[in-house]
Amino acid sequence: SIFEADGKEMSQSKPGDPSVTLTRMNVDIDSLTADDLVITDVKASAVQGQPGKWHIVVNSDQIVGSANWDLSGGNLGSVSARFSKMHIPGKSSDRIKTLLESSKKAALPSISASVQEFQYGDIPVGAVRIDAKNVITDQGPLCRINSLTVTNNAGSLKAAGNWRSKSDTNVTTLQAQADIRDTGRLLSSMGIKDAISGASGKGSLEISWQSVKLR
């Protein structure tokens with residue numbers, strides 16, 4: 001594997017020296033493991049074109065795309081990302097759940113992202129778009145999900161809602177509209193084979209759930 005970083009001469013600087021500024025990183029790794037997520041044949045670069053503004057490009061077997069991360073506004077900033085492919089193993093769900101439930105703040109950047117080919121575990125979800133903004137309100141941190149759309153050969157789903165960190169719980173609410181063109185195909189993509197053939201329909205739902213923070 002290869003890791004390169006461009007900036008000022010860091011080997012001669014003291015830890016915490018504010019004059020040391022990292023401006024570029026290049027990564028070429030055969031296999032990268034982060035908890036349960038394994039990414040193979042990773043080639044990535046990150047360039048800080050302006051202070052606090054990073055452009056990131058990733059090309060791997062599981063994830064292909066680019067993102068702009070703007071940290072100039074403070075906190076975790078905002079991310080704008082476009083991916084042609086993103087395959088996430090289903091077993092990573094426990095880690096994602098832990099991160100959300102143990103957070104004392106809405107520790108996520110505001111995000112506008114699209115994935116042309118999103119797969120979760122063995123389920124080919126399809127094209128996904130999300131636009132969410134994190135704000136601080138009088139009642140605590142709030143992640144406002146302005147829009148979430150999922151589109152595949154079986155139909156489409158459009159949703160909006162909130163994720164709020166409040167007291168000792170995290171509360172999620174979503175309002176969604178579904179347009180299903182082929183229920184049989186949808187169930188088949190989720191591993192439920194030959195349960196039904198064809199069948200279309202539309203529907204709307206509102207769901208809310210909460211989880212207790214880990215301590």
# chains A, B, ... in the order shown; residues from 1 in each chain; ligands from 1
call {"tool": "residues_around", "arguments": {"residues": "Arg82 in chain A", "least_positions_apart": "3", "cutoff": "7 Å", "atoms": "only C-alpha atoms", "output": "VMD selection string"}}
result
chain A and resid 65 to 67 113 to 115
call {"tool": "write_last_selection", "arguments": {"atoms": "N, CA and C atoms", "output": "PDB file, in the first residue's frame"}}
result
ATOM      1  N   GLY A  65     -16.672   7.652  -6.609  1.00  0.00           N
ATOM      2  CA  GLY A  65     -17.308   8.964  -6.669  1.00  0.00           C
ATOM      3  C   GLY A  65     -16.427  10.060  -6.104  1.00  0.00           C
ATOM      4  N   SER A  66     -17.037  11.217  -5.879  1.00  0.00           N
ATOM      5  CA  SER A  66     -16.294  12.364  -5.371  1.00  0.00           C
ATOM      6  C   SER A  66     -17.164  13.172  -4.420  1.00  0.00           C
ATOM      7  N   ALA A  67     -16.512  13.983  -3.597  1.00  0.00           N
ATOM      8  CA  ALA A  67     -17.230  14.803  -2.619  1.00  0.00           C
ATOM      9  C   ALA A  67     -16.476  16.094  -2.371  1.00  0.00           C
ATOM     10  N   ALA A 113     -26.326  14.584  -1.332  1.00  0.00           N
ATOM     11  CA  ALA A 113     -25.603  13.494  -1.977  1.00  0.00           C
ATOM     12  C   ALA A 113     -26.513  12.671  -2.871  1.00  0.00           C
ATOM     13  N   SER A 114     -25.897  12.066  -3.874  1.00  0.00           N
ATOM     14  CA  SER A 114     -26.618  11.147  -4.750  1.00  0.00           C
ATOM     15  C   SER A 114     -25.740   9.944  -5.044  1.00  0.00           C
ATOM     16  N   VAL A 115     -26.383   8.793  -5.149  1.00  0.00           N
ATOM     17  CA  VAL A 115     -25.694   7.544  -5.488  1.00  0.00           C
ATOM     18  C   VAL A 115     -26.479   6.885  -6.611  1.00  0.00           C
TER      19      VAL A 115
END
call {"tool": "residues_around", "arguments": {"residues": "Trp209 in chain A", "least_positions_apart": "2", "cutoff": "8 Å", "atoms": "only C-alpha atoms", "output": "list in words"}}
result
Val171, Thr172, Thr173, Ile207 and Ser211 of chain A
call {"tool": "atom_distance", "arguments": {"atom1": "CA of Lys53 in chain A", "atom2": "CA of Ser78 in chain A"}}
result
9.8 Å
call {"tool": "closest_residue", "arguments": {"among": "A:Arg144, A:Arg24, A:Lys202, A:Lys158", "to": "Gln48 in chain A", "atoms": "only C-alpha atoms"}}
result
A:Arg24
call {"tool": "closest_residue", "arguments": {"among": "A:Gly126, A:Gly121, A:Val135, A:Asn59", "to": "Thr149 in chain A", "atoms": "only C-alpha atoms"}}
result
A:Gly126
call {"tool": "residues_around", "arguments": {"residues": "Asp138 in chain A", "least_positions_apart": "2", "cutoff": "12 Å", "atoms": "only C-alpha atoms", "output": "MDAnalysis selection string"}}
result
chainID A and resid 135:136 140:142 164:166
call {"tool": "write_last_selection", "arguments": {"atoms": "N, CA, C and O atoms", "output": "PDB file, in the first residue's frame"}}
result
ATOM      1  N   VAL A 135     -28.938  21.570  12.187  1.00  0.00           N
ATOM      2  CA  VAL A 135     -29.080  22.870  12.838  1.00  0.00           C
ATOM      3  C   VAL A 135     -29.179  22.661  14.348  1.00  0.00           C
ATOM      4  O   VAL A 135     -29.467  21.562  14.832  1.00  0.00           O
ATOM      5  N   ILE A 136     -28.931  23.725  15.088  1.00  0.00           N
ATOM      6  CA  ILE A 136     -29.096  23.708  16.540  1.00  0.00           C
ATOM      7  C   ILE A 136     -30.341  24.520  16.888  1.00  0.00           C
ATOM      8  O   ILE A 136     -30.432  25.695  16.536  1.00  0.00           O
ATOM      9  N   GLY A 140     -32.420  21.419  21.100  1.00  0.00           N
ATOM     10  CA  GLY A 140     -31.239  20.589  20.887  1.00  0.00           C
ATOM     11  C   GLY A 140     -30.916  20.414  19.419  1.00  0.00           C
ATOM     12  O   GLY A 140     -31.551  21.005  18.546  1.00  0.00           O
ATOM     13  N   PRO A 141     -29.912  19.568  19.111  1.00  0.00           N
ATOM     14  CA  PRO A 141     -29.505  19.349  17.720  1.00  0.00           C
ATOM     15  C   PRO A 141     -30.629  18.717  16.901  1.00  0.00           C
ATOM     16  O   PRO A 141     -31.362  17.856  17.385  1.00  0.00           O
ATOM     17  N   LEU A 142     -30.732  19.139  15.643  1.00  0.00           N
ATOM     18  CA  LEU A 142     -31.776  18.635  14.763  1.00  0.00           C
ATOM     19  C   LEU A 142     -31.194  18.413  13.379  1.00  0.00           C
ATOM     20  O   LEU A 142     -30.569  19.293  12.805  1.00  0.00           O
ATOM     21  N   ARG A 164     -33.789  13.943  15.599  1.00  0.00           N
ATOM     22  CA  ARG A 164     -33.510  14.869  16.698  1.00  0.00           C
ATOM     23  C   ARG A 164     -32.867  14.147  17.873  1.00  0.00           C
ATOM     24  O   ARG A 164     -33.294  13.061  18.267  1.00  0.00           O
ATOM     25  N   SER A 165     -31.807  14.760  18.412  1.00  0.00           N
ATOM     26  CA  SER A 165     -31.186  14.290  19.635  1.00  0.00           C
ATOM     27  C   SER A 165     -31.751  15.111  20.784  1.00  0.00           C
ATOM     28  O   SER A 165     -31.533  16.316  20.867  1.00  0.00           O
ATOM     29  N   LYS A 166     -32.522  14.446  21.660  1.00  0.00           N
ATOM     30  CA  LYS A 166     -33.218  15.162  22.721  1.00  0.00           C
ATOM     31  C   LYS A 166     -33.174  14.361  24.010  1.00  0.00           C
ATOM     32  O   LYS A 166     -33.523  13.180  24.022  1.00  0.00           O
TER      33      LYS A 166
END
call {"tool": "closest_atom_pairs", "arguments": {"of": "range 55-82 of chain A", "to": "range 31-46 of chain A", "cutoff": "6 Å", "atoms": "only C-alpha atoms", "output": "CSV"}}
result
residue,atom,partner,partner_atom,distance
A:His55,CA,A:Ala46,CA,5.6
A:Ile56,CA,A:Ala46,CA,4.3
A:Val57,CA,A:Ser45,CA,5.3
A:Val58,CA,A:Ala44,CA,4.4
A:Asn59,CA,A:Lys43,CA,5.2
A:Ser60,CA,A:Val42,CA,4.5
A:Asp61,CA,A:Thr40,CA,5.7
call {"tool": "atom_distance", "arguments": {"atom1": "CA of Glu206 in chain A", "atom2": "CA of Pro124 in chain A"}}
result
24.1 Å
call {"tool": "closest_residue", "arguments": {"among": "A:Ile29, A:Ile145, A:Leu22, A:Leu71", "to": "Ile130 in chain A", "atoms": "only C-alpha atoms"}}
result
A:Ile145
call {"tool": "residues_around", "arguments": {"residues": "Ser72 in chain A", "least_positions_apart": "5", "cutoff": "7 Å", "atoms": "only C-alpha atoms", "output": "JSON, numbers by chain"}}
result
{"A": [51, 52, 53, 77]}
call {"tool": "write_last_selection", "arguments": {"atoms": "N, CA and C atoms", "output": "mmCIF file, in the first residue's frame"}}
result
data_model
loop_
_atom_site.group_PDB
_atom_site.id
_atom_site.type_symbol
_atom_site.label_atom_id
_atom_site.label_comp_id
_atom_site.auth_asym_id
_atom_site.auth_seq_id
_atom_site.Cartn_x
_atom_site.Cartn_y
_atom_site.Cartn_z
ATOM 1 N N PRO A 51 -8.696 27.261 2.257
ATOM 2 C CA PRO A 51 -8.733 26.893 3.679
ATOM 3 C C PRO A 51 -10.105 26.334 4.083
ATOM 4 N N GLY A 52 -10.090 25.111 4.618
ATOM 5 C CA GLY A 52 -11.313 24.490 5.104
ATOM 6 C C GLY A 52 -12.187 23.877 4.032
ATOM 7 N N LYS A 53 -11.718 23.857 2.771
ATOM 8 C CA LYS A 53 -12.525 23.305 1.686
ATOM 9 C C LYS A 53 -11.751 22.193 0.985
ATOM 10 N N GLY A 77 -19.401 21.276 9.159
ATOM 11 C CA GLY A 77 -19.566 21.841 7.834
ATOM 12 C C GLY A 77 -20.645 21.168 7.003
#
